[in-house]
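Report on the structure given below.
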Amino acid sequence: MEKQKNAVGRRKEAVTRVFLSKGEGKVTVNGKDYKEYFPLVYLQNQVEAPLKTIEASDKFDVTVNAKGGGVKGQAEAIKLGISRALLEVNPEYRPVLKAAGLLKRDPRSVERKKPGRRKARRSFQFSKR
């Protein structure tokens, strides 16, 4: 593998740029270790998922620039970004990653606020008298 592969992951408002290179399994998010950046275990599992699926947790170093959204959105965007970068490294990973559902971009995002409503669907309180 020549130098590094990169990919973009998105989820809700979060956008992450993922850089994958040969290494011993270090994952860095915005200059911090991912376990420090995501203190919650279920978010750490989201980030680890693609590498664990292809059993390559100790073969690649991952550097991530994450912007926007919240921690959950960023963690899931990183998951998609790592999966896409792994495909650039080796297209044979595709069936395994696809079966695990790691190549699907989650299209759900916040619905816009509508006029005459308090939120997107929530009405103002109705008073009969």
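By order in the structure tokens, chains are A, B, ...; within a chain, residues start at 1; ligands start at 1, following the order shown.
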
Extract the full set of helix (DSSP H, G or I) residues from chain A according to DSSP on the backbone, and format it as a PyMOL selection string. chain A and resi 34-37+41-53+71-89+91-99

Which parts of chain A does DSSP call strand (DSSP E) when run on the backbone here, written out as a ChimeraX atom specification? /A:4-11,14-22,27-29,32-33,60-67

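For Gly101 in chain A, the non-local neighbours within 12 Å, defined as residues at least 4 positions apart in the same chain or in other chains and counting only C-alpha atoms, are Gln46, Ala49, Pro50, Thr53, Glu76, Lys79, Leu80, Ser83, Arg94, Pro95, Val96, Leu97, Arg105 and Asp106 of chain A.
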
Residue with the minimum atom-to-atom distance to Thr16 in chain A, picked from A:Gly81, A:Pro107, A:Gly70, A:Gly31 with only C-alpha atoms counted, is A:Gly81

Would you pick out the contacts of range 25-29 of chain A at 12 Å or less, using only C-alpha atoms, so that residues sharing its chain but fewer than 3 positions from it are not included, and give the list as a PyMOL selection string? chain A and resi 16-22+32-38+44+47-48+51-52+55-67+71+74-75+77-79+82

Take CA of Glu24 in chain A and CA of Leu43 in chain A and report the distance between them in Å, one decimal. 20.9 Å
